[in-house]
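See structure below.
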Amino acid sequence: MSSMEVTNLTREKLRKMFAEGKRFDGRKLDEFRDLKIEFDVSNQAEGSARVRLGKTEVVVGIKLGFGEPYPDSPDKGNLMVSADLLPLASPRFEHGPPGFNAIELPRLVDRAIRASDVINLSDLVIEEGKKVWTVFVDLYPINDDGNLIDAASFGAIAALKKAVLPLLDKDGKIDHKTKSTNPVPLAKDIAPISFSFFKLGDSLILDPTREEQEASEARITFGISTFEGKPMVNSCQKYGEDLFSQEEIEKAMSLLPVKFEEINKKLKSVL
Amino acid sequence: MKNEINEAHEAVEDNSTDSSNSSEPVERRPIVPGEVIVSGEDFLPGDGTRRDGENVLANRFGLAEISGRVVKVIPIFGAFIPRKGNVIIGRVADINFSGWMIDIDYASSAFLGIEECPRFINRNEMDQFLAIGDVIAAKIWGVKSKGIDLTLKGKGLGKLEGGFIFRTIPSRVPRVIGREGSMITLVKEKTSCQITVGQNGWIWIKGEKIEDEIKARKAIEFIASQVLVSGLTEKMEEWFENN
């Protein structure tokens, strides 16, 4: 849209509107925009998904390659999440070395996936201590209209669920010619996703548009997955200058299972 | 206040690049760059077109319009290009010794000198008049290589208080304003909001109730999305009945 930063006027107006429970697009404060997920958008990737959350759009690709295990985990495969904030997605994104957001986005998605143990990393070992599979999760925002983190986390898990483990040929190299059908070893009943609550004034909102996101003063992101049949928070990060009170965190906590259920249902219906 | 804002509109409309003022409807059709709009020596290439031998070709993607002898292309997308006399809505980005730097949503920022304010400002208390993040409606009085100069001297110009601002695509601003301000007047009447449209695509809305403001914003966003529709004013009357 534009590169003009958020103004005092808009911030004040949104603060007032949120206090009354209103938003410009008519949603409730905790209501998500229309979520659409498409699969197999890339024919080169082992798994891919395109997520649309309103006007926000993220393409996620999963690639598998050989790697060396880290010295502290010789019996485990590797997971690498990276993001490229393309300048086409937003006037805020520039070419050049990654900035704060470009580092934070993949880290949050990485933590949500890793901490939930959805990928059985020990099943990705080819030769212990020497050769393992590395799962590359690449996040490409195509359009940023706010809430990239949640959209990217939905896309990452959707793409992972559809990803396949490539076949090996006689020499032990990856056979790119034959299409594999072996799924990546995943825990079936877990789908870790993240939810970011944004705070402006005394209001908490979910799934902000860019305008709302830029006006907000603080953000807290929770990575949620399932543990013994119940939703569980397995990662959490706060950003911004404002503080969250105990009541606000409790309010977020009571909302999380509901939203988790809602998005999970949607994910399950497309998978 | 209300009157001043209305007059600010007129200032906007005077500079709008909307189609000719003739009352006869002109036909518009979508066109891509390089496409022949018309052939013939009689036609004069206007904005967004060029002459190549007999033909008048489009330089931009947009709607071709032939009004009389003049052929032009009304772009569908496009950045704001500042011109002298444009009324714009900007955000105060910085304060320095002699004035304010204003972000006007253009590649370079604009400058508002302290002497261009309608009243005397103490140099030590400049942030009491305009602080960083404040919004102003200003007029461009000069576009030079060293920068863009703004003024607040004029009807309806000055700091905007209350309401909110949002952005549409700058090339659709004439559409939002309508012929001789017909469209924006309609929106103002139906929502009883004060509205100022900046040529840089930023629009300020202030109303009594939040519902009115939201409705005005929705209406303007709807207008800006209807690129290929003719007779939009009538359509908007209908839209207001249904919403």
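Following the order of the structure tokens, first chain is A, next is B, and so on, with residues numbered from 1 inside each chain and ligands from 1 in the order they appear.
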
- [ ] Report as a ChimeraX atom specification the set of chain B residues whose atoms approach chain A to within 10 Å, with distances computed over only C-alpha atoms.
- [x] /B:79,90-93,102-107,131-135,160-169,201-202,204,210-211,213-215,217-218

TODO: Write out as number ranges by chain which residues come within 7 Å of Arg28 of chain B when counting only C-alpha atoms, dropping same-chain ones fewer than 4 positions away.
DONE: B: 63-65

How would the residues just chosen look if you wrote them out with N, CA and C atoms as a JSON list (two decimals), in the first residue's frame?
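Output below, filename part_26.json:
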[["chain", "number", "residue", "atom", "x", "y", "z"],
["B", 63, "LEU", "N", -7.42, 3.31, -18.95],
["B", 63, "LEU", "CA", -8.60, 3.49, -19.77],
["B", 63, "LEU", "C", -8.33, 4.59, -20.79],
["B", 64, "ALA", "N", -8.52, 4.26, -22.06],
["B", 64, "ALA", "CA", -8.31, 5.26, -23.10],
["B", 64, "ALA", "C", -9.57, 6.10, -23.21],
["B", 65, "GLU", "N", -9.35, 7.39, -23.37],
["B", 65, "GLU", "CA", -10.48, 8.29, -23.47],
["B", 65, "GLU", "C", -10.24, 9.26, -24.60]]

TODO: Find the residues near Ile193 of chain A: any atom within 8 Å, counting only C-alpha atoms, skip ones fewer than 6 places away on the same chain, and give them as a PyMOL selection string.
DONE: chain A and resi 112-113+150+153-154+157+223-225+260

Task: Backbone-only DSSP, strand (DSSP E) members of segment 69-209 of chain B, as a PyMOL selection string - done: chain B and resi 70-75+87-96+99-103+110-113+135-144+147-151+158-159+164-167+193-197+202-207

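Atom pair atom CA of Ser48 of chain A / atom CA of Gly129 of chain A: separated by 29.1 Å.
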
Open item on the list: I need the residue nearest Pro208 of chain A from this list: A:Val125, A:Val184, A:Val135, A:Ile149. Use only C-alpha atoms for the distance.
Closed with: A:Ile149

Would you list the contacts of Glu94 of chain A as a PDB file with N, CA and C atoms, in the first residue's frame, taking every protein, DNA or RNA residue within 8 Å and counting only C-alpha atoms, but skipping same-chain residues closer than 4 positions in sequence?
ATOM      1  N   LEU A  85      11.709 -11.803   3.068  1.00  0.00           N
ATOM      2  CA  LEU A  85      10.685 -10.758   2.980  1.00  0.00           C
ATOM      3  C   LEU A  85      10.903  -9.980   1.684  1.00  0.00           C
ATOM      4  N   LEU A  86      10.219 -10.443   0.666  1.00  0.00           N
ATOM      5  CA  LEU A  86      10.407  -9.856  -0.656  1.00  0.00           C
ATOM      6  C   LEU A  86       9.831  -8.441  -0.705  1.00  0.00           C
ATOM      7  N   PRO A  87      10.531  -7.518  -1.357  1.00  0.00           N
ATOM      8  CA  PRO A  87      10.009  -6.150  -1.423  1.00  0.00           C
ATOM      9  C   PRO A  87       8.659  -6.061  -2.135  1.00  0.00           C
TER      10      PRO A  87
END
